[in-house]
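Colleague: Pasting a structure here, questions to come.
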Amino acid sequence: MPRAPAVSETCRTLSHDVYSSLLARARSRPGPMYPLHVGDTYREPWPGLRPESLPPTSRLYNYAPVRGEPTLLEAIRERTRRDYDLELPSESVQVTIGATGGLSVAAQTVLDPGDEVIVLAPYWPLIRGIVAARGARAVELPFFDRIGDRTFDPERALEEAVSERTAALYVNTPNNPTGHVLDAGALEVLVRFARKHDLWLWSDEAYAALAFGPLPLPLWRRAPERSLAFCTASKSYGVAGARVGWVHGPEAVMRAISGVQTFSTYCAPRPLQRGVAQALLHAGEWLDSARQAYRLAAGAAAESLGLPPPSGGTFLFFDVSATPAGRDGIERFLERAMEAGVLLTPGAACGQAYESWARLCYSAIPPDELDDALLRLAPLVSGGAQLGLPER
């Protein structure tokens with residue numbers, strides 16, 4: 001018999017409200033409210049990506065090819081040649097609805113219900129739900145706040161997390177939310193582990209272009225035979241609403257990913273694919289200025305709150321349990337921050353081990369507004385906050 005209308009068991013734990021339960025209250029509060037709880041940017045996108053700059057053509061708003069606009073596919077391949085000295089076959093690239101869409105399609109392609117994915121934590125808040133929506137399980141492994149600690153053995157921690165159901169390892173560096181960049185030694189540990197247990201490596205590259213120093217050879221470049229790389233224009237070029245990303249990996253699995261893409265979102269927005277193609281080839285100066293602006297904002301935010309500066313990305317992540325306002329618990333801390341005019345992300349969105357932590361996005365508002373937000377927040381944080389990234 002057909003069952004009565006009900007929510008799927010695999011989706012019962014999913015919610016759109018992953019960032020702040022205080023959002024509704026914040027809307028009714030008088031005075032400025034600084035939204036530092038969602039990763040976005042105040043910067044206007046590169047001019048060639050703005051709608052008025054797109055050339056009017058006769059088929060601009062028709063369906064794009066499922067694999068992606070030819071101009072964008074070629075731009076991705078050219079950018080990869082330039083940055084990584086690697087020739088990507090066109091069949092190994094799939095344009096997706098942002099990196100989020102790419103991860104969702106990949107989960108449908110390489111996971112079966114009951115599989116497990118080791119997720120290095122703290123993590124981007126949506127990855128747990130993407131895995132869960134497939135009927136798989138995200139195994140959270142505290143990592144980025146411990147990797148520099150001499151008492152932390154990453155190989156042992158990974159071995160304790162793996163099981164016979166493990167299918168993949170998810171890695172995001174530069175990391176959302178800590179801003180930590182894994183060095184070459186840490187990446188080699190991850191590659192050895194994946195090869196030993198025959199796992200997929202999911203390399204989330206959303207912030208790769210926003211590292212504040214040189215990046216080591218990326219994870220996917222070290223193990224191309226088992227890596228899926230997830231890329232996006234959202235963060236690097238300030239067009240999160242454009243929803244243009246891409247995945248690349250071994251050709252055999254990419255053929256399957258293109259098939260799954262056909263039956264999920266079909267294609268990414270065609271006009272914006274063409275704009276992103278131009279940005280990849282010609283917006284280098286804009287990207288340099290964005291990186292510099294975010295580096296300065298990161299330094300100002302870290303100094304104001306008494307935290308070490310991050311190595312990339314757009315976030316600070318800190319434990320509030322020892323701060324003046326955090327001794328009564330994270331919910332009270334976030335509430336007091338909201339009352340001061342600042343919205344933050346609860347750390348539990350980034351992993352179960354981080355219930356006393358908070359995430360702050362320093363790229364979301366212009367520098368003068370960020371200065372005001374930090375002045376309001378600093379009295380709540382100063383006197384004990386720790387980023388949790390030990391000195392090497």
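Following the order of the structure tokens, chains are lettered A, B, ..., residues in each are numbered from 1, and ligands are numbered from 1.
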Which residues, written as a list in words, have at least one atom at most 6 Å from range 93-104 of chain A, with only C-alpha atoms counted and residues fewer than 2 positions away on the same chain left out?

Modeller: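 These residues fall inside the cut-off: Arg67, Gly68, Ser90, Glu91, Ala106, Ala107, Ile130, Phe230, Cys231, Thr232, Arg243, Val244, Gly245, Trp246, Val247, His248 and Ala268 of chain A.
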
Colleague: Which neighbours of range 277-290 of chain A fall inside 10 Å, counting only C-alpha atoms, when residues of the same chain fewer than 3 positions from it are skipped, and could you give them as a ChimeraX atom specification?

Modeller: /A:41,43,45-49,69-76,78-79,209-210,233,235-238,272-274,293-296,363

Colleague: Would you export the selected residues with C-alpha atoms as a CSV table (one decimal), in the first residue's frame, please?

Modeller:
```csv
chain,number,residue,atom,x,y,z
A,41,THR,CA,30.8,39.7,-0.2
A,43,ARG,CA,32.2,43.9,-3.5
A,45,PRO,CA,31.5,41.7,-9.3
A,46,TRP,CA,33.9,42.1,-12.1
A,47,PRO,CA,32.2,44.4,-14.7
A,48,GLY,CA,32.2,41.7,-17.3
A,49,LEU,CA,30.0,39.5,-15.0
A,69,GLU,CA,28.9,26.2,-22.3
A,70,PRO,CA,31.8,25.4,-24.7
A,71,THR,CA,33.3,28.9,-23.9
A,72,LEU,CA,33.3,28.1,-20.2
A,73,LEU,CA,34.7,24.6,-20.6
A,74,GLU,CA,37.6,25.9,-22.6
A,75,ALA,CA,38.2,28.7,-20.1
A,76,ILE,CA,38.3,26.2,-17.2
A,78,GLU,CA,42.9,27.2,-20.0
A,79,ARG,CA,42.9,28.3,-16.4
A,209,ALA,CA,41.9,31.5,-5.1
A,210,LEU,CA,41.5,33.3,-1.8
A,233,ALA,CA,33.0,31.4,-9.2
A,235,LYS,CA,33.7,33.2,-3.8
A,236,SER,CA,36.5,34.2,-6.0
A,237,TYR,CA,34.5,36.5,-8.2
A,238,GLY,CA,31.7,37.7,-5.9
A,272,LEU,CA,26.2,33.6,-16.4
A,273,GLN,CA,28.3,30.7,-17.7
A,274,ARG,CA,29.4,33.0,-20.5
A,293,ALA,CA,40.8,43.4,0.5
A,294,TYR,CA,39.8,40.2,2.3
A,295,ARG,CA,43.4,39.8,3.7
A,296,LEU,CA,43.2,43.3,5.2
A,363,SER,CA,34.0,39.8,3.7
```

Colleague: DSSP says helix (DSSP H, G or I) for which residues of range 100-332 of chain A? Put them as a ChimeraX atom specification?

Modeller: /A:100-110,127-133,154-161,184-197,208-210,219-222,224-226,240-242,251-262,270-282,284-305,330-332

Colleague: Store the residues of this selection in a file with C-alpha atoms, as an mmCIF file, in the first residue's frame.

Modeller:
```cif
data_model
loop_
_atom_site.group_PDB
_atom_site.id
_atom_site.type_symbol
_atom_site.label_atom_id
_atom_site.label_comp_id
_atom_site.auth_asym_id
_atom_site.auth_seq_id
_atom_site.Cartn_x
_atom_site.Cartn_y
_atom_site.Cartn_z
ATOM 1 C CA THR A 100 26.974 22.960 -3.937
ATOM 2 C CA GLY A 101 25.278 21.480 -6.986
ATOM 3 C CA GLY A 102 28.499 19.736 -7.949
ATOM 4 C CA LEU A 103 28.815 18.061 -4.562
ATOM 5 C CA SER A 104 25.161 17.034 -4.656
ATOM 6 C CA VAL A 105 25.505 15.458 -8.092
ATOM 7 C CA ALA A 106 28.730 13.723 -7.069
ATOM 8 C CA ALA A 107 27.076 12.321 -3.938
ATOM 9 C CA GLN A 108 24.307 10.850 -6.080
ATOM 10 C CA THR A 109 26.885 9.409 -8.458
ATOM 11 C CA VAL A 110 29.468 7.769 -6.199
ATOM 12 C CA ILE A 127 28.160 19.189 3.331
ATOM 13 C CA ARG A 128 26.578 17.094 6.096
ATOM 14 C CA GLY A 129 23.118 17.554 4.592
ATOM 15 C CA ILE A 130 24.323 16.807 1.057
ATOM 16 C CA VAL A 131 25.643 13.449 2.251
ATOM 17 C CA ALA A 132 22.541 12.757 4.366
ATOM 18 C CA ALA A 133 20.193 13.530 1.473
ATOM 19 C CA PRO A 154 46.260 12.788 11.854
ATOM 20 C CA GLU A 155 46.930 9.300 10.487
ATOM 21 C CA ARG A 156 45.723 7.648 13.668
ATOM 22 C CA ALA A 157 42.633 9.867 13.738
ATOM 23 C CA LEU A 158 41.803 8.944 10.149
ATOM 24 C CA GLU A 159 42.251 5.236 10.825
ATOM 25 C CA GLU A 160 39.878 5.456 13.778
ATOM 26 C CA ALA A 161 37.241 7.106 11.568
ATOM 27 C CA ALA A 184 52.048 19.717 1.773
ATOM 28 C CA GLY A 185 52.748 17.269 4.600
ATOM 29 C CA ALA A 186 49.123 17.146 5.728
ATOM 30 C CA LEU A 187 47.899 16.712 2.157
ATOM 31 C CA GLU A 188 50.266 13.780 1.639
ATOM 32 C CA VAL A 189 48.845 12.116 4.770
ATOM 33 C CA LEU A 190 45.350 12.403 3.277
ATOM 34 C CA VAL A 191 46.448 11.003 -0.080
ATOM 35 C CA ARG A 192 48.202 8.014 1.511
ATOM 36 C CA PHE A 193 45.134 7.271 3.594
ATOM 37 C CA ALA A 194 42.766 7.470 0.611
ATOM 38 C CA ARG A 195 44.959 5.179 -1.473
ATOM 39 C CA LYS A 196 45.365 2.689 1.371
ATOM 40 C CA HIS A 197 41.596 2.358 1.790
ATOM 41 C CA ALA A 208 41.507 28.094 -3.397
ATOM 42 C CA ALA A 209 41.928 31.477 -5.105
ATOM 43 C CA LEU A 210 41.492 33.298 -1.785
ATOM 44 C CA LEU A 219 44.960 17.599 -3.098
ATOM 45 C CA TRP A 220 43.315 16.637 -6.384
ATOM 46 C CA ARG A 221 46.591 17.220 -8.282
ATOM 47 C CA ARG A 222 48.378 14.756 -5.981
ATOM 48 C CA PRO A 224 44.074 12.596 -9.849
ATOM 49 C CA GLU A 225 43.007 8.980 -10.286
ATOM 50 C CA ARG A 226 40.650 9.147 -7.267
ATOM 51 C CA ALA A 240 27.382 33.613 -5.283
ATOM 52 C CA GLY A 241 23.915 34.212 -6.741
ATOM 53 C CA ALA A 242 25.050 33.330 -10.258
ATOM 54 C CA GLU A 251 36.771 10.721 -17.248
ATOM 55 C CA ALA A 252 34.910 7.496 -16.452
ATOM 56 C CA VAL A 253 33.162 8.920 -13.396
ATOM 57 C CA MET A 254 32.628 12.287 -15.068
ATOM 58 C CA ARG A 255 30.535 10.585 -17.757
ATOM 59 C CA ALA A 256 28.322 9.231 -14.984
ATOM 60 C CA ILE A 257 28.209 12.630 -13.265
ATOM 61 C CA SER A 258 27.020 14.237 -16.504
ATOM 62 C CA GLY A 259 24.260 11.649 -16.668
ATOM 63 C CA VAL A 260 23.141 12.399 -13.123
ATOM 64 C CA GLN A 261 23.325 16.131 -13.859
ATOM 65 C CA THR A 262 20.887 15.606 -16.725
ATOM 66 C CA ARG A 270 23.614 29.994 -19.678
ATOM 67 C CA PRO A 271 24.191 33.790 -19.613
ATOM 68 C CA LEU A 272 26.212 33.573 -16.412
ATOM 69 C CA GLN A 273 28.275 30.658 -17.699
ATOM 70 C CA ARG A 274 29.433 32.951 -20.482
ATOM 71 C CA GLY A 275 30.220 35.712 -17.997
ATOM 72 C CA VAL A 276 32.224 33.357 -15.768
ATOM 73 C CA ALA A 277 34.186 32.178 -18.812
ATOM 74 C CA GLN A 278 35.325 35.751 -19.411
ATOM 75 C CA ALA A 279 36.126 36.254 -15.715
ATOM 76 C CA LEU A 280 38.360 33.185 -15.595
ATOM 77 C CA LEU A 281 40.409 34.546 -18.479
ATOM 78 C CA HIS A 282 40.376 38.303 -17.896
ATOM 79 C CA GLY A 284 42.886 38.605 -12.709
ATOM 80 C CA GLU A 285 43.262 42.168 -11.439
ATOM 81 C CA TRP A 286 39.797 42.090 -9.866
ATOM 82 C CA LEU A 287 40.636 38.811 -8.117
ATOM 83 C CA ASP A 288 43.947 40.233 -6.843
ATOM 84 C CA SER A 289 42.171 43.257 -5.384
ATOM 85 C CA ALA A 290 39.509 41.067 -3.765
ATOM 86 C CA ARG A 291 42.164 38.858 -2.185
ATOM 87 C CA GLN A 292 43.978 41.907 -0.832
ATOM 88 C CA ALA A 293 40.759 43.431 0.525
ATOM 89 C CA TYR A 294 39.844 40.205 2.287
ATOM 90 C CA ARG A 295 43.360 39.818 3.698
ATOM 91 C CA LEU A 296 43.151 43.302 5.223
ATOM 92 C CA ALA A 297 39.665 42.603 6.580
ATOM 93 C CA ALA A 298 40.872 39.306 8.053
ATOM 94 C CA GLY A 299 43.754 41.038 9.795
ATOM 95 C CA ALA A 300 41.537 43.797 11.178
ATOM 96 C CA ALA A 301 38.928 41.336 12.451
ATOM 97 C CA ALA A 302 41.498 39.031 14.034
ATOM 98 C CA GLU A 303 43.320 41.889 15.736
ATOM 99 C CA SER A 304 40.106 43.424 17.037
ATOM 100 C CA LEU A 305 38.973 40.144 18.590
ATOM 101 C CA ILE A 330 26.727 29.696 22.979
ATOM 102 C CA GLU A 331 23.027 30.524 22.646
ATOM 103 C CA ARG A 332 23.354 33.397 25.085
#
```

Colleague: Quick one: residues within 9 Å of Leu182 in chain A, only C-alpha atoms counted, chain neighbours fewer than 3 positions away excluded, as a PDB file with N, CA and C atoms, in the first residue's frame?

Modeller:
```pdb
ATOM      1  N   PHE A 144      40.822  20.423  11.557  1.00  0.00           N
ATOM      2  CA  PHE A 144      41.465  21.687  11.228  1.00  0.00           C
ATOM      3  C   PHE A 144      41.879  22.491  12.457  1.00  0.00           C
ATOM      4  N   ILE A 147      45.264  20.111  13.688  1.00  0.00           N
ATOM      5  CA  ILE A 147      46.330  19.616  12.827  1.00  0.00           C
ATOM      6  C   ILE A 147      47.702  20.180  13.210  1.00  0.00           C
ATOM      7  N   THR A 173      40.148  23.019   1.788  1.00  0.00           N
ATOM      8  CA  THR A 173      41.279  23.862   2.140  1.00  0.00           C
ATOM      9  C   THR A 173      41.563  24.807   0.976  1.00  0.00           C
ATOM     10  N   PRO A 174      41.700  26.125   1.267  1.00  0.00           N
ATOM     11  CA  PRO A 174      41.500  26.838   2.526  1.00  0.00           C
ATOM     12  C   PRO A 174      40.124  26.538   3.109  1.00  0.00           C
ATOM     13  N   ASN A 175      40.123  26.413   4.435  1.00  0.00           N
ATOM     14  CA  ASN A 175      38.960  25.841   5.103  1.00  0.00           C
ATOM     15  C   ASN A 175      37.922  26.880   5.487  1.00  0.00           C
ATOM     16  N   GLY A 185      52.655  18.476   3.788  1.00  0.00           N
ATOM     17  CA  GLY A 185      52.748  17.269   4.600  1.00  0.00           C
ATOM     18  C   GLY A 185      51.391  16.718   4.969  1.00  0.00           C
ATOM     19  N   ALA A 186      50.472  17.593   5.368  1.00  0.00           N
ATOM     20  CA  ALA A 186      49.123  17.146   5.728  1.00  0.00           C
ATOM     21  C   ALA A 186      48.392  16.578   4.522  1.00  0.00           C
ATOM     22  N   LEU A 187      48.555  17.213   3.357  1.00  0.00           N
ATOM     23  CA  LEU A 187      47.899  16.712   2.157  1.00  0.00           C
ATOM     24  C   LEU A 187      48.418  15.334   1.777  1.00  0.00           C
ATOM     25  N   LEU A 215      49.773  28.565  -2.209  1.00  0.00           N
ATOM     26  CA  LEU A 215      49.131  27.280  -1.925  1.00  0.00           C
ATOM     27  C   LEU A 215      50.057  26.137  -2.326  1.00  0.00           C
ATOM     28  N   PRO A 216      50.106  25.070  -1.519  1.00  0.00           N
ATOM     29  CA  PRO A 216      50.819  23.880  -1.989  1.00  0.00           C
ATOM     30  C   PRO A 216      50.065  23.236  -3.143  1.00  0.00           C
TER      31      PRO A 216
END
```

Colleague: Determine, counting only C-alpha atoms, which protein, DNA and RNA residues have an atom within 12 Å of an atom of Leu374 in chain A; residues of the same chain fewer than 3 positions away are not included. Present the result as an MDAnalysis selection string.

Modeller: chainID A and resid 34 36 297:306 337 340:344 360:362 365 367:371 377:382

Colleague: Between A:Ala211, A:Leu111, A:Ala121, A:Val66, single out the one closest to Ala168 in chain A, counting only C-alpha atoms.

Modeller: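 Using only C-alpha atoms, Ala168 in chain A sits closest to A:Leu111.
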
Colleague: Write out as a PyMOL selection string the set of residues from range 46-194 of chain A that DSSP, computed on the backbone, places in strand (DSSP E).

Modeller: chain A and resi 93-96+116-121+137-142+166-172

Colleague: Limited to N, CA and C atoms, could you put the picked residues into a file as an mmCIF file, in the first residue's frame?

Modeller:
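Written file, again-v2.cif:
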```
data_model
loop_
_atom_site.group_PDB
_atom_site.id
_atom_site.type_symbol
_atom_site.label_atom_id
_atom_site.label_comp_id
_atom_site.auth_asym_id
_atom_site.auth_seq_id
_atom_site.Cartn_x
_atom_site.Cartn_y
_atom_site.Cartn_z
ATOM 1 N N VAL A 93 35.348 17.519 -17.379
ATOM 2 C CA VAL A 93 34.822 18.703 -16.703
ATOM 3 C C VAL A 93 33.298 18.729 -16.840
ATOM 4 N N GLN A 94 32.618 19.072 -15.756
ATOM 5 C CA GLN A 94 31.166 19.219 -15.754
ATOM 6 C C GLN A 94 30.796 20.518 -15.060
ATOM 7 N N VAL A 95 30.093 21.402 -15.753
ATOM 8 C CA VAL A 95 29.603 22.635 -15.147
ATOM 9 C C VAL A 95 28.361 22.307 -14.322
ATOM 10 N N THR A 96 28.267 22.922 -13.120
ATOM 11 C CA THR A 96 27.201 22.588 -12.181
ATOM 12 C C THR A 96 26.589 23.863 -11.597
ATOM 13 N N GLU A 116 29.460 5.818 3.939
ATOM 14 C CA GLU A 116 29.950 6.841 4.850
ATOM 15 C C GLU A 116 30.974 7.724 4.146
ATOM 16 N N VAL A 117 30.976 8.989 4.526
ATOM 17 C CA VAL A 117 31.967 9.951 4.040
ATOM 18 C C VAL A 117 32.642 10.563 5.262
ATOM 19 N N ILE A 118 33.953 10.431 5.351
ATOM 20 C CA ILE A 118 34.693 11.106 6.416
ATOM 21 C C ILE A 118 34.790 12.577 6.052
ATOM 22 N N VAL A 119 34.302 13.432 6.932
ATOM 23 C CA VAL A 119 34.273 14.875 6.696
ATOM 24 C C VAL A 119 35.198 15.541 7.700
ATOM 25 N N LEU A 120 36.286 16.130 7.202
ATOM 26 C CA LEU A 120 37.223 16.804 8.101
ATOM 27 C C LEU A 120 36.553 18.053 8.661
ATOM 28 N N ALA A 121 36.516 18.150 9.977
ATOM 29 C CA ALA A 121 35.786 19.219 10.651
ATOM 30 C C ALA A 121 36.764 20.180 11.342
ATOM 31 N N ARG A 137 26.073 8.681 5.408
ATOM 32 C CA ARG A 137 26.344 9.269 6.710
ATOM 33 C C ARG A 137 27.663 10.021 6.686
ATOM 34 N N ALA A 138 27.638 11.257 7.174
ATOM 35 C CA ALA A 138 28.859 12.044 7.321
ATOM 36 C C ALA A 138 29.503 11.695 8.658
ATOM 37 N N VAL A 139 30.723 11.184 8.613
ATOM 38 C CA VAL A 139 31.479 10.863 9.827
ATOM 39 C C VAL A 139 32.390 12.044 10.109
ATOM 40 N N GLU A 140 32.062 12.802 11.135
ATOM 41 C CA GLU A 140 32.777 14.050 11.418
ATOM 42 C C GLU A 140 34.081 13.756 12.155
ATOM 43 N N LEU A 141 35.185 14.259 11.600
ATOM 44 C CA LEU A 141 36.493 14.055 12.211
ATOM 45 C C LEU A 141 37.105 15.411 12.546
ATOM 46 N N PRO A 142 37.128 15.821 13.832
ATOM 47 C CA PRO A 142 37.781 17.086 14.201
ATOM 48 C C PRO A 142 39.225 17.095 13.716
ATOM 49 N N THR A 166 33.040 3.178 4.448
ATOM 50 C CA THR A 166 33.592 4.459 4.026
ATOM 51 C C THR A 166 33.841 4.455 2.520
ATOM 52 N N ALA A 167 33.329 5.486 1.847
ATOM 53 C CA ALA A 167 33.478 5.582 0.386
ATOM 54 C C ALA A 167 34.299 6.792 -0.041
ATOM 55 N N ALA A 168 34.357 7.833 0.803
ATOM 56 C CA ALA A 168 35.004 9.072 0.377
ATOM 57 C C ALA A 168 35.521 9.836 1.582
ATOM 58 N N LEU A 169 36.448 10.743 1.284
ATOM 59 C CA LEU A 169 36.998 11.668 2.278
ATOM 60 C C LEU A 169 36.810 13.075 1.735
ATOM 61 N N TYR A 170 36.127 13.935 2.500
ATOM 62 C CA TYR A 170 35.849 15.315 2.087
ATOM 63 C C TYR A 170 36.835 16.256 2.759
ATOM 64 N N VAL A 171 37.496 17.090 1.925
ATOM 65 C CA VAL A 171 38.526 18.009 2.406
ATOM 66 C C VAL A 171 38.282 19.384 1.800
ATOM 67 N N ASN A 172 38.269 20.418 2.631
ATOM 68 C CA ASN A 172 38.074 21.791 2.166
ATOM 69 C C ASN A 172 39.221 22.649 2.679
#
```

Colleague: Between CA of Glu335 in chain A and CA of Thr178 in chain A, measure the distance and give it in Å to one decimal.

Modeller: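 Calculated distance between CA of Glu335 in chain A and CA of Thr178 in chain A is 21.9 Å.
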